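Structure below is model-v2.tsv: TSV, C-alpha atoms (C1' of nucleotides) and all ligand atoms.
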```tsv
chain	number	residue	atom	x	y	z
W	1	MET	CA	96.99	94.31	103.56
W	2	ARG	CA	98.46	90.93	103.74
W	3	LEU	CA	100.79	89.53	101.15
W	4	THR	CA	102.10	86.15	102.18
W	5	THR	CA	103.21	82.91	100.60
W	6	LYS	CA	99.60	82.22	99.66
W	7	GLY	CA	99.56	85.03	97.11
W	8	ARG	CA	103.17	84.44	96.11
W	9	TYR	CA	102.52	80.73	95.51
W	10	ALA	CA	99.48	81.55	93.40
W	11	VAL	CA	101.44	83.93	91.19
W	12	THR	CA	104.35	81.51	90.91
W	13	ALA	CA	102.07	78.63	89.95
W	14	MET	CA	100.25	80.73	87.35
W	15	LEU	CA	103.56	81.82	85.89
W	16	ASP	CA	104.63	78.18	85.72
W	17	LEU	CA	101.45	77.50	83.76
W	18	ALA	CA	102.20	80.35	81.38
W	19	LEU	CA	105.79	79.21	80.85
W	20	ASN	CA	104.79	75.63	80.09
W	21	ALA	CA	101.59	76.40	78.20
W	22	GLU	CA	102.75	74.79	74.97
W	23	LYS	CA	102.99	71.37	76.65
W	24	GLY	CA	99.21	71.16	77.03
W	25	PRO	CA	97.47	70.81	80.38
W	26	ILE	CA	99.92	70.92	83.30
W	27	SER	CA	99.26	68.72	86.33
W	28	LEU	CA	99.51	70.12	89.82
W	29	ALA	CA	102.00	67.34	90.54
W	30	ASP	CA	104.36	68.87	87.95
W	31	ILE	CA	103.98	72.36	89.37
W	32	SER	CA	104.48	70.98	92.85
W	33	LYS	CA	107.82	69.43	91.84
W	34	ARG	CA	109.10	72.36	89.81
W	35	GLN	CA	108.11	75.10	92.25
W	36	GLU	CA	108.42	73.12	95.49
W	37	ILE	CA	104.92	73.84	96.67
W	38	SER	CA	102.88	71.25	98.57
W	39	LEU	CA	100.48	69.46	96.25
W	40	SER	CA	97.57	69.62	98.66
W	41	TYR	CA	98.11	73.31	99.17
W	42	LEU	CA	98.17	73.87	95.41
W	43	GLU	CA	94.82	72.12	95.20
W	44	GLN	CA	93.35	74.64	97.60
W	45	LEU	CA	94.77	77.55	95.64
W	46	PHE	CA	93.65	76.23	92.25
W	47	ALA	CA	90.12	75.71	93.54
W	48	LYS	CA	89.98	79.47	94.02
W	49	LEU	CA	91.73	80.28	90.76
W	50	ARG	CA	89.19	78.11	88.96
W	51	GLN	CA	86.25	79.80	90.70
W	52	GLN	CA	87.52	83.12	89.36
W	53	SER	CA	87.91	81.49	85.93
W	54	LEU	CA	91.59	82.29	85.67
W	55	VAL	CA	92.31	78.62	84.89
W	56	SER	CA	90.33	75.72	83.49
W	57	SER	CA	90.86	72.05	84.24
W	58	VAL	CA	91.04	68.84	82.24
W	59	ARG	CA	90.34	65.73	84.25
W	60	GLY	CA	91.68	62.25	83.78
W	61	PRO	CA	95.10	60.94	82.74
W	62	GLY	CA	97.13	63.54	80.87
W	63	GLY	CA	94.90	66.19	82.37
W	64	GLY	CA	95.79	69.22	84.39
W	65	TYR	CA	95.22	72.94	84.33
W	66	LYS	CA	95.65	75.59	81.71
W	67	LEU	CA	95.14	79.32	81.62
W	68	SER	CA	91.61	80.12	80.58
W	69	ARG	CA	92.68	83.42	79.01
W	70	GLU	CA	95.61	84.84	77.09
W	71	PRO	CA	98.57	85.51	79.42
W	72	GLU	CA	98.38	89.13	78.29
W	73	ALA	CA	94.93	89.35	79.88
W	74	ILE	CA	95.86	88.03	83.32
W	75	SER	CA	97.46	90.46	85.75
W	76	VAL	CA	99.28	89.70	88.98
W	77	ALA	CA	96.69	91.75	90.83
W	78	GLN	CA	93.90	89.49	89.59
W	79	ILE	CA	95.73	86.38	90.75
W	80	ILE	CA	96.36	87.71	94.24
W	81	ASP	CA	92.78	88.84	94.45
W	82	ALA	CA	91.54	85.40	93.40
W	83	VAL	CA	93.14	83.70	96.40
W	84	ASN	CA	91.56	86.23	98.76
W	85	GLU	CA	94.59	88.25	99.60
W	86	SER	CA	93.61	91.85	99.65
W	87	LEU	CA	95.90	94.54	98.31
W	88	ASP	CA	93.97	97.13	100.27
W	89	VAL	CA	95.94	98.62	103.15
W	90	THR	CA	93.15	100.71	104.68
W	91	ASN	CA	91.51	99.65	107.88
W	92	CYS	CA	88.07	100.71	106.67
W	93	GLU	CA	88.16	98.89	103.34
W	94	ARG	CA	87.93	102.21	101.57
W	95	GLN	CA	84.78	103.20	103.43
W	96	GLY	CA	86.37	106.07	105.35
W	97	ASN	CA	84.57	105.15	108.54
W	98	CYS	CA	87.29	104.03	110.93
W	99	GLN	CA	86.43	106.50	113.60
W	100	GLN	CA	82.76	106.41	114.54
W	101	GLY	CA	81.70	106.49	110.92
W	102	GLN	CA	84.18	109.20	109.99
W	103	GLN	CA	87.61	109.24	108.44
W	104	CYS	CA	90.62	108.63	110.62
W	105	LEU	CA	93.68	110.86	110.35
W	106	THR	CA	95.58	108.59	108.01
W	107	HIS	CA	92.79	107.35	105.73
W	108	HIS	CA	93.97	109.33	102.74
W	109	LEU	CA	97.53	108.04	103.08
W	110	TRP	CA	96.44	104.40	102.99
W	111	ILE	CA	94.08	104.98	100.08
W	112	ASP	CA	96.95	106.51	98.18
W	113	LEU	CA	99.31	103.62	98.94
W	114	SER	CA	96.66	101.01	98.07
W	115	ASP	CA	96.06	102.67	94.73
W	116	ARG	CA	99.73	102.61	93.88
W	117	ILE	CA	100.19	98.97	94.80
W	118	HIS	CA	97.13	98.02	92.83
W	119	ALA	CA	98.17	100.05	89.80
W	120	PHE	CA	101.60	98.45	89.80
W	121	LEU	CA	100.41	94.86	90.06
W	122	SER	CA	97.60	95.45	87.58
W	123	SER	CA	100.11	96.72	85.06
W	124	ILE	CA	102.04	93.44	85.16
W	125	SER	CA	100.62	90.59	83.13
W	126	LEU	CA	101.77	86.99	83.04
W	127	ALA	CA	102.89	87.63	79.48
W	128	SER	CA	105.19	90.45	80.55
W	129	LEU	CA	106.67	88.28	83.31
W	130	VAL	CA	107.34	85.45	80.87
W	131	GLN	CA	109.41	87.84	78.76
W	132	GLN	CA	111.69	88.90	81.60
W	133	ASP	CA	115.23	87.61	81.46
W	134	GLU	CA	115.36	86.70	85.14
W	135	VAL	CA	112.25	84.60	84.80
W	136	GLN	CA	113.55	82.81	81.71
W	137	GLU	CA	116.80	81.99	83.47
W	138	VAL	CA	115.07	80.50	86.48
W	139	SER	CA	112.72	78.55	84.25
W	140	VAL	CA	115.61	77.03	82.30
W	141	ARG	CA	117.29	76.06	85.56
W	142	GLN	CA	114.12	74.40	86.81
W	143	ASN	CA	113.69	72.37	83.63
W	144	SER	CA	117.31	71.26	83.53
W	145	ALA	CA	117.04	70.09	87.12
W	146	ARG	CA	114.36	67.71	85.88
W	147	GLU	CA	116.53	66.43	83.06
W	148	LEU	CA	119.43	65.74	85.40
W	149	GLY	CA	117.37	62.85	86.68
W	150	LEU	CA	116.41	64.42	89.96
W	151	LEU	CA	112.81	63.93	89.03
W	152	ASP	CA	110.73	61.60	86.90
W	153	VAL	CA	110.76	62.94	83.37
W	154	SER	CA	110.40	59.92	81.06
W	155	GLY	CA	106.69	59.26	81.11
W	156	VAL	CA	105.58	62.84	81.31
W	157	GLN	CA	103.99	64.21	78.19
Q	1	MET	CA	104.55	91.92	104.00
Q	2	ARG	CA	102.07	92.68	106.65
Q	3	LEU	CA	100.52	96.05	107.14
Q	4	THR	CA	97.94	95.93	109.91
Q	5	THR	CA	96.46	98.20	112.55
Q	6	LYS	CA	99.74	98.02	114.43
Q	7	GLY	CA	101.55	100.02	111.77
Q	8	ARG	CA	98.53	102.19	111.05
Q	9	TYR	CA	98.12	103.04	114.75
Q	10	ALA	CA	101.78	103.93	115.01
Q	11	VAL	CA	101.58	106.33	112.08
Q	12	THR	CA	98.32	107.82	113.34
Q	13	ALA	CA	99.74	108.36	116.81
Q	14	MET	CA	102.92	109.96	115.46
Q	15	LEU	CA	100.86	112.24	113.27
Q	16	ASP	CA	98.80	113.24	116.30
Q	17	LEU	CA	102.05	114.12	118.03
Q	18	ALA	CA	103.13	116.24	115.07
Q	19	LEU	CA	99.77	118.02	114.88
Q	20	ASN	CA	99.76	118.89	118.57
Q	21	ALA	CA	103.45	119.55	118.95
Q	22	GLU	CA	103.04	123.16	120.05
Q	23	LYS	CA	101.12	122.09	123.17
Q	24	GLY	CA	104.25	120.57	124.69
Q	25	PRO	CA	104.53	116.89	125.65
Q	26	ILE	CA	101.41	114.92	124.70
Q	27	SER	CA	100.22	112.16	127.01
Q	28	LEU	CA	99.25	108.79	125.65
Q	29	ALA	CA	95.91	109.26	127.38
Q	30	ASP	CA	95.24	112.24	125.11
Q	31	ILE	CA	96.21	110.33	121.99
Q	32	SER	CA	94.13	107.41	123.15
Q	33	LYS	CA	91.03	109.62	123.44
Q	34	ARG	CA	91.54	111.56	120.22
Q	35	GLN	CA	92.48	108.60	118.03
Q	36	GLU	CA	90.45	105.91	119.80
Q	37	ILE	CA	93.38	103.61	120.36
Q	38	SER	CA	93.69	101.52	123.52
Q	39	LEU	CA	96.02	103.16	126.02
Q	40	SER	CA	97.81	99.93	126.92
Q	41	TYR	CA	98.34	99.17	123.28
Q	42	LEU	CA	99.77	102.62	122.68
Q	43	GLU	CA	102.24	101.99	125.49
Q	44	GLN	CA	103.50	98.93	123.66
Q	45	LEU	CA	103.88	100.85	120.43
Q	46	PHE	CA	105.62	103.84	122.01
Q	47	ALA	CA	108.10	101.58	123.74
Q	48	LYS	CA	109.28	100.58	120.26
Q	49	LEU	CA	109.11	104.10	118.87
Q	50	ARG	CA	111.25	105.25	121.75
Q	51	GLN	CA	113.80	102.45	121.22
Q	52	GLN	CA	114.22	103.69	117.66
Q	53	SER	CA	114.52	107.24	119.02
Q	54	LEU	CA	111.63	108.56	117.00
Q	55	VAL	CA	110.09	109.99	120.18
Q	56	SER	CA	111.34	111.02	123.57
Q	57	SER	CA	109.42	110.97	126.81
Q	58	VAL	CA	108.92	113.31	129.74
Q	59	ARG	CA	107.87	111.58	132.94
Q	60	GLY	CA	105.75	112.86	135.74
Q	61	PRO	CA	102.61	114.99	135.74
Q	62	GLY	CA	102.29	117.16	132.65
Q	63	GLY	CA	104.63	114.80	130.88
Q	64	GLY	CA	104.12	112.78	127.75
Q	65	TYR	CA	105.85	112.18	124.46
Q	66	LYS	CA	107.24	114.44	121.80
Q	67	LEU	CA	108.93	113.88	118.48
Q	68	SER	CA	112.65	113.62	118.97
Q	69	ARG	CA	113.33	115.00	115.48
Q	70	GLU	CA	111.85	117.54	113.12
Q	71	PRO	CA	108.66	116.23	111.49
Q	72	GLU	CA	110.39	116.77	108.14
Q	73	ALA	CA	112.96	114.16	109.13
Q	74	ILE	CA	110.51	111.39	110.10
Q	75	SER	CA	109.06	109.30	107.30
Q	76	VAL	CA	106.10	106.96	107.41
Q	77	ALA	CA	108.41	104.12	106.39
Q	78	GLN	CA	110.57	104.70	109.47
Q	79	ILE	CA	107.55	104.58	111.76
Q	80	ILE	CA	106.22	101.34	110.33
Q	81	ASP	CA	109.67	99.85	110.51
Q	82	ALA	CA	110.02	100.88	114.16
Q	83	VAL	CA	107.03	98.80	115.23
Q	84	ASN	CA	108.41	95.75	113.44
Q	85	GLU	CA	106.09	95.68	110.49
Q	86	SER	CA	108.10	94.83	107.44
Q	87	LEU	CA	107.41	96.50	104.12
Q	88	ASP	CA	109.28	93.72	102.36
Q	89	VAL	CA	107.02	91.46	100.29
Q	90	THR	CA	109.63	88.88	99.31
Q	91	ASN	CA	109.64	85.47	100.89
Q	92	CYS	CA	113.42	85.35	101.05
Q	93	GLU	CA	113.93	88.74	102.71
Q	94	ARG	CA	115.80	89.91	99.65
Q	95	GLN	CA	118.26	87.00	99.80
Q	96	GLY	CA	117.09	85.37	96.57
Q	97	ASN	CA	117.28	81.90	98.09
Q	98	CYS	CA	113.68	80.69	98.23
Q	99	GLN	CA	114.32	77.58	96.23
Q	100	GLN	CA	117.18	75.55	97.59
Q	101	GLY	CA	119.39	78.58	97.85
Q	102	GLN	CA	118.40	79.89	94.45
Q	103	GLN	CA	115.93	82.46	93.22
Q	104	CYS	CA	112.32	81.45	92.78
Q	105	LEU	CA	110.43	82.43	89.63
Q	106	THR	CA	108.86	85.53	91.09
Q	107	HIS	CA	111.71	86.92	93.19
Q	108	HIS	CA	112.35	89.85	90.89
Q	109	LEU	CA	108.68	90.84	90.88
Q	110	TRP	CA	108.51	91.03	94.67
Q	111	ILE	CA	111.78	92.94	94.93
Q	112	ASP	CA	110.39	95.44	92.48
Q	113	LEU	CA	107.13	95.86	94.39
Q	114	SER	CA	108.92	96.15	97.75
Q	115	ASP	CA	111.15	98.87	96.38
Q	116	ARG	CA	108.18	100.88	95.16
Q	117	ILE	CA	106.28	100.61	98.43
Q	118	HIS	CA	109.36	101.59	100.36
Q	119	ALA	CA	110.15	104.51	98.09
Q	120	PHE	CA	106.61	105.82	98.40
Q	121	LEU	CA	106.41	105.65	102.18
Q	122	SER	CA	109.93	107.00	102.58
Q	123	SER	CA	108.99	110.01	100.50
Q	124	ILE	CA	106.20	110.94	102.90
Q	125	SER	CA	107.22	112.77	106.06
Q	126	LEU	CA	105.08	113.68	109.03
Q	127	ALA	CA	105.51	117.30	107.99
Q	128	SER	CA	104.03	116.66	104.56
Q	129	LEU	CA	101.08	114.82	106.10
Q	130	VAL	CA	100.40	117.70	108.48
Q	131	GLN	CA	100.08	120.02	105.50
Q	132	GLN	CA	97.43	117.96	103.73
Q	133	ASP	CA	93.93	119.40	103.71
Q	134	GLU	CA	92.26	116.08	104.56
Q	135	VAL	CA	94.46	115.70	107.62
Q	136	GLN	CA	93.78	119.25	108.80
Q	137	GLU	CA	90.04	118.73	108.46
Q	138	VAL	CA	90.05	115.54	110.48
Q	139	SER	CA	92.25	117.15	113.10
Q	140	VAL	CA	89.89	120.08	113.49
Q	141	ARG	CA	86.97	117.68	113.85
Q	142	GLN	CA	88.79	115.70	116.53
Q	143	ASN	CA	89.57	118.80	118.55
Q	144	SER	CA	86.03	120.18	118.32
Q	145	ALA	CA	84.65	116.87	119.54
Q	146	ARG	CA	86.65	117.48	122.69
Q	147	GLU	CA	85.28	120.95	123.12
Q	148	LEU	CA	81.70	119.74	122.78
Q	149	GLY	CA	82.14	118.19	126.20
Q	150	LEU	CA	82.31	114.62	125.03
Q	151	LEU	CA	85.65	114.38	126.70
Q	152	ASP	CA	87.42	115.90	129.65
Q	153	VAL	CA	89.08	119.10	128.49
Q	154	SER	CA	89.17	121.42	131.48
Q	155	GLY	CA	92.00	120.09	133.57
Q	156	VAL	CA	94.34	119.18	130.78
Q	157	GLN	CA	97.68	120.97	130.52
I	1	DG	C1'	103.06	112.42	149.60
I	2	DT	C1'	100.05	112.01	146.18
I	3	DA	C1'	98.69	111.92	141.69
I	4	DA	C1'	99.95	112.07	136.79
I	5	DA	C1'	102.31	110.11	133.70
I	6	DC	C1'	105.64	106.79	131.71
I	7	DC	C1'	107.53	101.88	131.96
I	8	DC	C1'	107.58	96.78	131.85
I	9	DG	C1'	106.41	92.02	131.64
I	10	DA	C1'	103.16	88.43	131.49
I	11	DC	C1'	99.04	86.82	129.80
I	12	DT	C1'	95.18	85.76	126.30
I	13	DA	C1'	91.20	85.09	122.91
I	14	DG	C1'	90.74	84.97	118.36
I	15	DT	C1'	92.33	84.72	113.65
I	16	DT	C1'	95.20	83.31	109.91
I	17	DT	C1'	98.68	80.64	107.60
I	18	DA	C1'	100.42	76.86	105.61
I	19	DG	C1'	99.69	73.10	105.47
I	20	DT	C1'	97.82	67.49	106.04
I	21	DC	C1'	94.54	63.84	105.36
I	22	DA	C1'	90.78	61.24	103.53
I	23	DA	C1'	87.28	60.33	100.49
I	24	DG	C1'	85.49	61.13	96.68
I	25	DT	C1'	84.45	62.05	90.93
I	26	DA	C1'	85.70	62.24	85.95
I	27	DA	C1'	87.94	60.64	82.02
I	28	DA	C1'	91.61	58.19	79.11
I	29	DT	C1'	93.39	54.01	77.83
I	30	DA	C1'	94.59	49.19	77.83
O	1	DT	C1'	85.34	47.30	81.73
O	2	DA	C1'	89.30	47.85	85.02
O	3	DT	C1'	92.73	50.69	86.09
O	4	DT	C1'	95.03	54.69	86.66
O	5	DT	C1'	95.69	59.51	86.58
O	6	DA	C1'	94.30	63.63	88.01
O	7	DC	C1'	90.98	66.91	89.60
O	8	DT	C1'	87.50	68.07	93.69
O	9	DT	C1'	85.87	68.70	98.23
O	10	DG	C1'	85.78	69.07	103.07
O	11	DA	C1'	87.50	68.53	107.57
O	12	DC	C1'	91.19	69.02	110.42
O	13	DT	C1'	95.61	71.12	112.72
O	14	DA	C1'	100.09	73.24	114.73
O	15	DA	C1'	102.22	77.36	114.92
O	16	DA	C1'	102.39	82.17	114.63
O	17	DC	C1'	100.55	86.58	115.05
O	18	DT	C1'	97.30	90.40	116.25
O	19	DA	C1'	95.26	93.28	119.18
O	20	DG	C1'	94.70	93.71	122.87
O	21	DT	C1'	94.29	93.29	128.78
O	22	DC	C1'	96.14	93.32	133.42
O	23	DG	C1'	98.96	94.31	137.23
O	24	DG	C1'	102.41	96.11	138.94
O	25	DG	C1'	106.10	99.14	139.04
O	26	DT	C1'	109.16	104.10	138.66
O	27	DT	C1'	109.75	109.07	138.02
O	28	DT	C1'	108.67	113.72	138.93
O	29	DA	C1'	105.63	118.07	139.51
O	30	DC	C1'	102.94	120.14	142.72
N	1	LIG	S1	91.67	103.81	107.20
N	1	LIG	FE1	89.91	104.61	106.20
N	1	LIG	S2	88.96	105.74	107.81
N	1	LIG	FE2	90.68	104.93	108.77
N	2	LIG	S1	111.07	85.63	96.92
N	2	LIG	FE1	113.20	85.87	96.77
N	2	LIG	S2	113.85	83.96	96.04
N	2	LIG	FE2	111.73	83.67	96.20
```
Spell out the structure here as structure tokens.
Ligand code: FES
Ligand code: FES
Amino acid sequence: MRLTTKGRYAVTAMLDLALNAEKGPISLADISKRQEISLSYLEQLFAKLRQQSLVSSVRGPGGGYKLSREPEAISVAQIIDAVNESLDVTNCERQGNCQQGQQCLTHHLWIDLSDRIHAFLSSISLASLVQQDEVQEVSVRQNSARELGLLDVSGVQ
Amino acid sequence: MRLTTKGRYAVTAMLDLALNAEKGPISLADISKRQEISLSYLEQLFAKLRQQSLVSSVRGPGGGYKLSREPEAISVAQIIDAVNESLDVTNCERQGNCQQGQQCLTHHLWIDLSDRIHAFLSSISLASLVQQDEVQEVSVRQNSARELGLLDVSGVQ
DNA sequence: GTAAACCCGACTAGTTTAGTCAAGTAAATA
DNA sequence: TATTTACTTGACTAAACTAGTCGGGTTTAC
């Protein structure tokens, strides 16, 4: 298993999309400013999210990305999976063939842990994150930072 | 978070120690053969396990390593921690300061996941692993492979 | 005193991360 | 139609880390 900023950025960006859904398509430039993620890196991540049809894009001025499904129907596990970070902690990728085609001593333990991690992150949808108080607070802070003139707000629509 | 063969090897090796505890000190060469882990690599891992006093060593011929505590008192989480693999999946190492000293949108989610992973692996001791049927089966298989003459058995002990 | 074992530090090939950079294409609007 | 905004694609890279190897020790049982 490997859970790094790649997966965390993807989830954060998707949550940003869910929080700002009512504003229409959101440009990567906006997400980049709000979440402090490199624009070029976001492009890489959204290429993968689009391939897995978690988001759809609108090109041209005023364009951007939007969720291609209801936030209730998108789980954190799906997002992490889309950017190629595996939640599997086994060495054998669940094949049970670590040791000359047979199970190693700890295979069962890692299967068990993988299942729990997957169950947890599958049970959490973008919609349920949006409803959390902590998330709302951070979101409000991020939007007020924009209004304080730290960032270009005027022309944005 | 990063859970790779390093942590898996460490747990496997410690479990091997627990399973063979009654034979007296177990040499790394034995573990290396049974678990198919490079001897030099095991030396690196056991240096760290010893620093954390999870194992103690006996030098000289007939020597090896043994658990320095009851298997009931050693959890999988402790072992993984000892070889410097973190079970923490936050970016901020629990500080909540990802974004200019403040919490990022997903901080709470990662804290939550980290706590669950840690709780799970802390709840599993070497003793409880030894009692599992799957583990016993694999252990029997590994010992019979030795007796089939695939490996040097005669002079050991 | 010799061999079995632990101990220790330096080294390394390969992979992955977290990006950057450049050159496009598509679409809205003036 | 020209311009601009924004998505799209691919190549490239420094730094870190993994999963080891290698060579030399030191300790102790026999
Ligand atoms: S982790 Fe599945 S066989 Fe070893
Ligand atoms: S992960 Fe803790 S603040 Fe971002």
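Using only C-alpha atoms (C1' of nucleotides), one finds that the residues of chain I close to chain Q, at 10 Å or less, are DA3, DA4, DA5, DC6, DC7 and DC8 of chain I.
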Shell around stretch 8-24 of chain O at 9 Å using all atoms listed in the file, local window under 2 positions removed, as a list in words:
Glu43 and Ala47 of chain W; Thr4, Thr5, Lys6, Ser38, Ser40 and Tyr41 of chain Q; DC8, DA10, DC11, DT12, DG14, DT15, DT16, DT17, DG19, DT20, DC21, DA22, DA23, DG24 and DT25 of chain I
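Take the candidates Q:Gln35, Q:Asn20, Q:Asn143, Q:Ser86 and check each one against ligand LIG 1 (chain N) using all atoms listed in the file; the shortest distance goes to Q:Gln35.
Using all atoms listed in the file, the shortest contact distance between chain O and any of W:Arg94, W:Lys48, W:Lys23, W:His118 is found at W:Lys48.
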Please superimpose chain Q on chain W using every C-alpha atom, paired by order, in a least-squares fit, and write the moved chain as a compact mmCIF listing (two decimals) with C-alpha atoms, in the coordinates of the input.
```
# COMPACT_ATOMS: atom_id res chain seq x y z
CA MET Q 1 96.99 94.27 103.61
CA ARG Q 2 98.50 90.88 103.76
CA LEU Q 3 100.77 89.50 101.14
CA THR Q 4 102.05 86.08 102.15
CA THR Q 5 103.16 82.84 100.55
CA LYS Q 6 99.56 82.17 99.60
CA GLY Q 7 99.53 85.00 97.08
CA ARG Q 8 103.14 84.42 96.08
CA TYR Q 9 102.49 80.71 95.45
CA ALA Q 10 99.46 81.54 93.36
CA VAL Q 11 101.42 83.92 91.15
CA THR Q 12 104.33 81.50 90.88
CA ALA Q 13 102.05 78.64 89.91
CA MET Q 14 100.23 80.73 87.30
CA LEU Q 15 103.53 81.83 85.86
CA ASP Q 16 104.62 78.20 85.65
CA LEU Q 17 101.43 77.52 83.72
CA ALA Q 18 102.19 80.38 81.33
CA LEU Q 19 105.79 79.25 80.82
CA ASN Q 20 104.79 75.67 80.03
CA ALA Q 21 101.62 76.43 78.14
CA GLU Q 22 102.76 74.81 74.90
CA LYS Q 23 103.02 71.40 76.59
CA GLY Q 24 99.25 71.18 76.95
CA PRO Q 25 97.49 70.83 80.31
CA ILE Q 26 99.94 70.96 83.23
CA SER Q 27 99.30 68.75 86.25
CA LEU Q 28 99.55 70.13 89.73
CA ALA Q 29 102.04 67.37 90.45
CA ASP Q 30 104.38 68.91 87.87
CA ILE Q 31 103.99 72.39 89.31
CA SER Q 32 104.49 71.00 92.77
CA LYS Q 33 107.83 69.44 91.77
CA ARG Q 34 109.12 72.39 89.75
CA GLN Q 35 108.10 75.11 92.19
CA GLU Q 36 108.41 73.13 95.43
CA ILE Q 37 104.90 73.85 96.58
CA SER Q 38 102.86 71.24 98.46
CA LEU Q 39 100.47 69.45 96.13
CA SER Q 40 97.54 69.59 98.56
CA TYR Q 41 98.09 73.27 99.06
CA LEU Q 42 98.15 73.86 95.33
CA GLU Q 43 94.79 72.10 95.09
CA GLN Q 44 93.34 74.61 97.52
CA LEU Q 45 94.74 77.52 95.56
CA PHE Q 46 93.61 76.23 92.17
CA ALA Q 47 90.10 75.69 93.45
CA LYS Q 48 89.95 79.46 93.96
CA LEU Q 49 91.71 80.27 90.70
CA ARG Q 50 89.19 78.12 88.91
CA GLN Q 51 86.23 79.79 90.65
CA GLN Q 52 87.49 83.11 89.32
CA SER Q 53 87.89 81.49 85.89
CA LEU Q 54 91.57 82.28 85.63
CA VAL Q 55 92.28 78.62 84.84
CA SER Q 56 90.33 75.72 83.47
CA SER Q 57 90.88 72.07 84.20
CA VAL Q 58 91.06 68.86 82.19
CA ARG Q 59 90.32 65.74 84.20
CA GLY Q 60 91.62 62.27 83.75
CA PRO Q 61 95.07 60.98 82.82
CA GLY Q 62 97.12 63.51 80.88
CA GLY Q 63 94.92 66.22 82.28
CA GLY Q 64 95.81 69.24 84.33
CA TYR Q 65 95.23 72.96 84.27
CA LYS Q 66 95.65 75.62 81.66
CA LEU Q 67 95.14 79.35 81.58
CA SER Q 68 91.60 80.13 80.55
CA ARG Q 69 92.66 83.45 78.99
CA GLU Q 70 95.59 84.87 77.10
CA PRO Q 71 98.55 85.53 79.42
CA GLU Q 72 98.36 89.16 78.29
CA ALA Q 73 94.92 89.39 79.87
CA ILE Q 74 95.85 88.04 83.32
CA SER Q 75 97.43 90.46 85.76
CA VAL Q 76 99.25 89.69 88.97
CA ALA Q 77 96.66 91.75 90.84
CA GLN Q 78 93.88 89.49 89.57
CA ILE Q 79 95.70 86.38 90.74
CA ILE Q 80 96.34 87.69 94.23
CA ASP Q 81 92.75 88.83 94.44
CA ALA Q 82 91.51 85.39 93.38
CA VAL Q 83 93.11 83.68 96.37
CA ASN Q 84 91.54 86.18 98.75
CA GLU Q 85 94.58 88.21 99.59
CA SER Q 86 93.60 91.83 99.68
CA LEU Q 87 95.89 94.51 98.32
CA ASP Q 88 93.96 97.11 100.28
CA VAL Q 89 95.95 98.60 103.16
CA THR Q 90 93.16 100.69 104.68
CA ASN Q 91 91.51 99.64 107.89
CA CYS Q 92 88.09 100.73 106.71
CA GLU Q 93 88.15 98.91 103.36
CA ARG Q 94 87.94 102.24 101.60
CA GLN Q 95 84.78 103.26 103.48
CA GLY Q 96 86.41 106.11 105.39
CA ASN Q 97 84.61 105.19 108.60
CA CYS Q 98 87.34 104.04 110.97
CA GLN Q 99 86.48 106.51 113.66
CA GLN Q 100 82.83 106.42 114.59
CA GLY Q 101 81.77 106.51 110.99
CA GLN Q 102 84.24 109.21 110.08
CA GLN Q 103 87.67 109.25 108.50
CA CYS Q 104 90.68 108.62 110.69
CA LEU Q 105 93.75 110.84 110.40
CA THR Q 106 95.62 108.57 108.04
CA HIS Q 107 92.82 107.35 105.77
CA HIS Q 108 94.00 109.35 102.78
CA LEU Q 109 97.55 108.04 103.11
CA TRP Q 110 96.45 104.41 103.02
CA ILE Q 111 94.09 104.99 100.10
CA ASP Q 112 96.96 106.52 98.22
CA LEU Q 113 99.31 103.62 98.96
CA SER Q 114 96.66 101.01 98.09
CA ASP Q 115 96.04 102.68 94.76
CA ARG Q 116 99.72 102.61 93.89
CA ILE Q 117 100.18 98.96 94.81
CA HIS Q 118 97.11 98.03 92.85
CA ALA Q 119 98.13 100.05 89.82
CA PHE Q 120 101.57 98.45 89.81
CA LEU Q 121 100.38 94.86 90.06
CA SER Q 122 97.57 95.45 87.59
CA SER Q 123 100.08 96.72 85.07
CA ILE Q 124 102.01 93.45 85.17
CA SER Q 125 100.60 90.59 83.12
CA LEU Q 126 101.74 87.00 83.03
CA ALA Q 127 102.89 87.66 79.47
CA SER Q 128 105.18 90.48 80.56
CA LEU Q 129 106.65 88.31 83.31
CA VAL Q 130 107.35 85.49 80.86
CA GLN Q 131 109.41 87.89 78.77
CA GLN Q 132 111.70 88.96 81.60
CA ASP Q 133 115.25 87.66 81.45
CA GLU Q 134 115.36 86.74 85.15
CA VAL Q 135 112.24 84.63 84.77
CA GLN Q 136 113.57 82.86 81.68
CA GLU Q 137 116.82 82.03 83.45
CA VAL Q 138 115.09 80.54 86.46
CA SER Q 139 112.75 78.59 84.21
CA VAL Q 140 115.64 77.10 82.27
CA ARG Q 141 117.32 76.11 85.53
CA GLN Q 142 114.15 74.44 86.78
CA ASN Q 143 113.75 72.41 83.62
CA SER Q 144 117.40 71.30 83.54
CA ALA Q 145 117.13 70.13 87.13
CA ARG Q 146 114.47 67.74 85.89
CA GLU Q 147 116.64 66.46 83.10
CA LEU Q 148 119.52 65.77 85.47
CA GLY Q 149 117.45 62.90 86.79
CA LEU Q 150 116.57 64.50 90.08
CA LEU Q 151 112.96 64.05 89.17
CA ASP Q 152 110.87 61.66 87.15
CA VAL Q 153 110.83 62.89 83.57
CA SER Q 154 110.46 59.82 81.38
CA GLY Q 155 106.81 58.95 81.67
CA VAL Q 156 105.43 62.43 81.70
CA GLN Q 157 103.15 63.53 78.87
```
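Counting from atom CA of W:Leu15, the distance to atom CA of Q:Gln100 is 19.0 Å.
Selection of all polymer residues within 9 Å of ligand LIG 2 (chain N) on the basis of all atoms listed in the file gives Arg8 of chain W; Val89, Thr90, Asn91, Cys92, Glu93, Arg94, Gln95, Gly96, Asn97, Cys98, Gln99, Gly101, Gln102, Gln103, Cys104, Leu105, Thr106, His107, His108, Leu109, Trp110 and Ile111 of chain Q.
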